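Okay, structure first, notes after.
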Amino acid sequence: MIKHLLKLAWRKKTTNALLMVEIFVAFLVTFSVVALSCFLWNNHRQPLGFEWNHVWGVQIETGDGRTGDSNWQADQVETLRHVLVEAQRLEAVESAAGVLTLPFEMGGSTRTLANLDMQVNEVTDDFLDVMRLELVAGRWFTDEDDAKPWTAIVIDRDLANEAFAGDPIGQSLPRDPEDPEYRVVGVISDFREDGELSAQSNYVFQRKNLDPEERLLRDLVVRVQPDTPAEFEEVLVERLRAVAPGWSFEIRDLEGLRRTSRNFRLAPLVIAGVVGSFLLLMVALGLIGVLWQNVTQRTRELGLRRAVGAHRREIYQQILSELALVTTASLALGVGLLVQLPFLDLIGDISRSVFLTALVTSILVMYSLTLLCGLYPSWLATRVDAADALRSE
Amino acid sequence: MIQLNNVTKSYHTERIETLALDAVTLSIADGEFVAIMGPSGCGKTTLLNLMGLLDTPDAGELLLDDQSIGGQSDRKLSRLRNRKIGFVFQSFHLVQDLNVVDNVEVPLLYRPGVSGRERRRLAREALDQVGLSSRIFHFPNQLSGGQQQRVAVARAIVGAPQILLADEPTGNLDSRMGDEIMDLLKQRHDAGSTVVMVTHDQRMADCADRTVRLFDGRQVQ
Ligand SMILES: Nc1ncnc2c1ncn2[C@@H]1O[C@H](COP(=O)(O)OP(=O)(O)OP(=O)(O)O)[C@@H](O)[C@H]1O
Ligand SMILES: [Mg+2]
């Protein structure tokens, strides 16, 4: 029977080619949307590596018109020290640290060393406590890192695995001889500063020891007691202003930053999802139309088949099988094209498992969609009355 | 073999009711060759469709091999059609997208347990019998009307049914081609098949053992 249906399909190749193009395009679109969802979902399931609840960001404005890349003045370093001490002194504050880029801020700096891409951030020693990072090897920054000829860094597990064969503690990141040395003192589980939906990436914390030679830290992170009311914001700003005359402080809501970064990452999915659903709907309607027309054009053939012994169920199955054949052919083309992507290295961050999940899911979606579209036309085909269909005109 | 008792059939279309068959009682014996004649619209095709289980009577009873057909499921009726009945139509009704031998194989697709190879063998045999073995890979539109009707006859006999139902099988053919088809039907009759043929042509009807005449849905004489 399959062979019989294949022959029929081959004879109707023009109609079927059109169907195939529709199904093929719908498949590619479905795959993209599903792959993007799988990718984001997979990211979402990974631990963030830090706790952002009850952490407030505080943006510092030194009031002298300096930009983020300018270096510190000695008195400014001193003021910042006072600010940090003052913040920690408050009853409602558990800990406070200085940081170059706030979590979720989406403005982190990146660096590439020996073909390794990494995100880099600069933090003071209390950052571990404020963000509740998970140290998995070595130690966090301490005073003993002061006045060393190298800069202490803490890296995440991914980078440790990628950059170093053995124990990374005490090793330096690859560098040119004239570049400063960055020496690993500890390893943390992860730090996904771009939020839950971002892909895994290599991360480096560089110790900031508040040296006048270095560029400004413009943000603080402050962990407050869980039941701290919002009014405490004003108290905090007030107290910080008192020790840093002329500076201004603005509370940055991490929750808000997190929402923005999440929306930023969800937007492509929402757009692709809406466009994709619309396209699938159009394809589905088109498919129903073509199949319907196909059945009405074939009433004589269907009547003849009924007359020579096909029962309703066999007619139903025949129409659905023909559709399944066309779908299979289109999907085979689609899969053939898509499996080239990993080889061509065109899909970047998407892992093999996400790729396979998306592939299988979109195949199932396409089969369900086409068969769903085929149900009504197939049922219509079983309603063909042989006596009517075969009556000579 | 085929027995109709008081069979009535009517069609309803927008307020008009057509009584196509009115209490027809008819018995056709095993191996008989029966011609059905009558003016256009008198119910010949309707009668043939009922005998071929393509339609069911509104009233009355139809028996096939002493078995009542009333109330059988679609599946059962389809199986019966497949095993016992072969159809030949005035306008051939070949599947245009299948070549000759594939067309002839179609009835066997719906017979469980026939392998592809067996189908092909039987189809070739049937085409041999109608004298078309040299054209098995042609498509219907590459054949003359007479040839197409011969393919249709091959399709009707490929499953070796006991009954052949032919509705004006020569109606679309010139007389020479018509005679060829008639010869094929006579051959089947000689081989023991029951043949029921609708025709407008007295010459054709003369070949039959018996002629049934219909007028306005009733059997006359
Ligand atoms: N599906 C139908 N719907 C409505 N009326 C029908 C239908 N089929 C047949 N009829 C009517 O039933 C009557 C008998 O039709 P039937 O086709 O049996 O006649 P026929 O003897 O075969 O005629 P012909 O020689 O023209 O083929 C006709 O009046 C016809 O119009
Ligand atoms: Mg007729």
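We name chains A, B, ... following the order of the structure tokens; residues begin at 1 in each chain, and ligands are numbered from 1 as shown.
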Requested in this report: as a count of residues only, please: all residues of chain B that backbone DSSP puts in alpha helix (DSSP H).
Outcome: 76
Contacts to ligand 1 at 7 Å cut-off (only C-alpha atoms and all ligand atoms) as a ChimeraX atom specification: /A:388 /B:11-13,18-20,38-47
What are the closest atom pairs, with distances in Å to one decimal, for each residue of segment 175-254 of chain A lying within 7 Å of segment 35-59 of chain A, using only C-alpha atoms, rows by chain and rising residue number, as a tab-separated table?
residue	atom	partner	partner_atom	distance
A:Ser189	CA	A:Gly49	CA	6.2
A:Asp190	CA	A:Gly49	CA	4.6
A:Phe191	CA	A:Gly49	CA	4.8
A:Arg192	CA	A:Leu48	CA	5.5
A:Gly195	CA	A:Leu48	CA	6.9
A:Glu196	CA	A:His44	CA	4.9
A:Leu197	CA	A:His44	CA	5.1
A:Ser198	CA	A:Asn43	CA	6.2
A:Ala199	CA	A:Asn43	CA	5.8
A:Arg218	CA	A:Gln59	CA	5.9
A:Asp219	CA	A:Gln59	CA	4.6
A:Leu220	CA	A:Val58	CA	4.9
A:Val221	CA	A:Gly57	CA	4.7
A:Val222	CA	A:Trp56	CA	5.1
A:Arg223	CA	A:Val55	CA	4.3
A:Val224	CA	A:His54	CA	5.6
A:Gln225	CA	A:His54	CA	6.9
A:Pro226	CA	A:His54	CA	5.9
A:Phe249	CA	A:Gln59	CA	5.6
A:Glu250	CA	A:Gln59	CA	5.1
A:Ile251	CA	A:Val58	CA	4.5
A:Arg252	CA	A:Gly57	CA	4.6
A:Asp253	CA	A:Trp56	CA	6.0
A:Leu254	CA	A:Trp56	CA	6.1
Requested write-out: C-alpha atoms of the selected residues, as a compact mmCIF listing (two decimals), in the first residue's frame:
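Output below, filename part.txt:
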# COMPACT_ATOMS: atom_id res chain seq x y z
CA SER A 189 30.42 27.66 41.23
CA ASP A 190 29.09 30.25 38.80
CA PHE A 191 28.11 33.86 38.40
CA ARG A 192 25.54 34.51 35.70
CA GLY A 195 20.34 36.58 34.77
CA GLU A 196 18.56 33.25 34.65
CA LEU A 197 17.93 33.27 30.90
CA SER A 198 21.48 34.01 29.86
CA ALA A 199 23.80 31.32 28.58
CA ARG A 218 30.53 53.40 40.57
CA ASP A 219 28.24 50.94 42.28
CA LEU A 220 27.73 49.38 45.67
CA VAL A 221 25.83 46.25 46.50
CA VAL A 222 24.22 46.25 49.93
CA ARG A 223 22.60 43.20 51.54
CA VAL A 224 19.88 44.30 53.94
CA GLN A 225 17.96 42.32 56.56
CA PRO A 226 15.04 40.40 54.99
CA PHE A 249 23.56 58.11 45.78
CA GLU A 250 20.78 56.49 43.90
CA ILE A 251 19.21 53.18 44.89
CA ARG A 252 19.08 50.74 41.97
CA ASP A 253 16.44 48.10 42.36
CA LEU A 254 18.02 44.73 41.44
Between B:Asp201, B:Glu118, B:Asp183, B:Asp74, smallest distance to chain A by only C-alpha atoms belongs to B:Asp74
Expressed in Å, the length from atom CA of Ile157 of chain B to atom CA of Asp65 of chain B is 18.8 Å
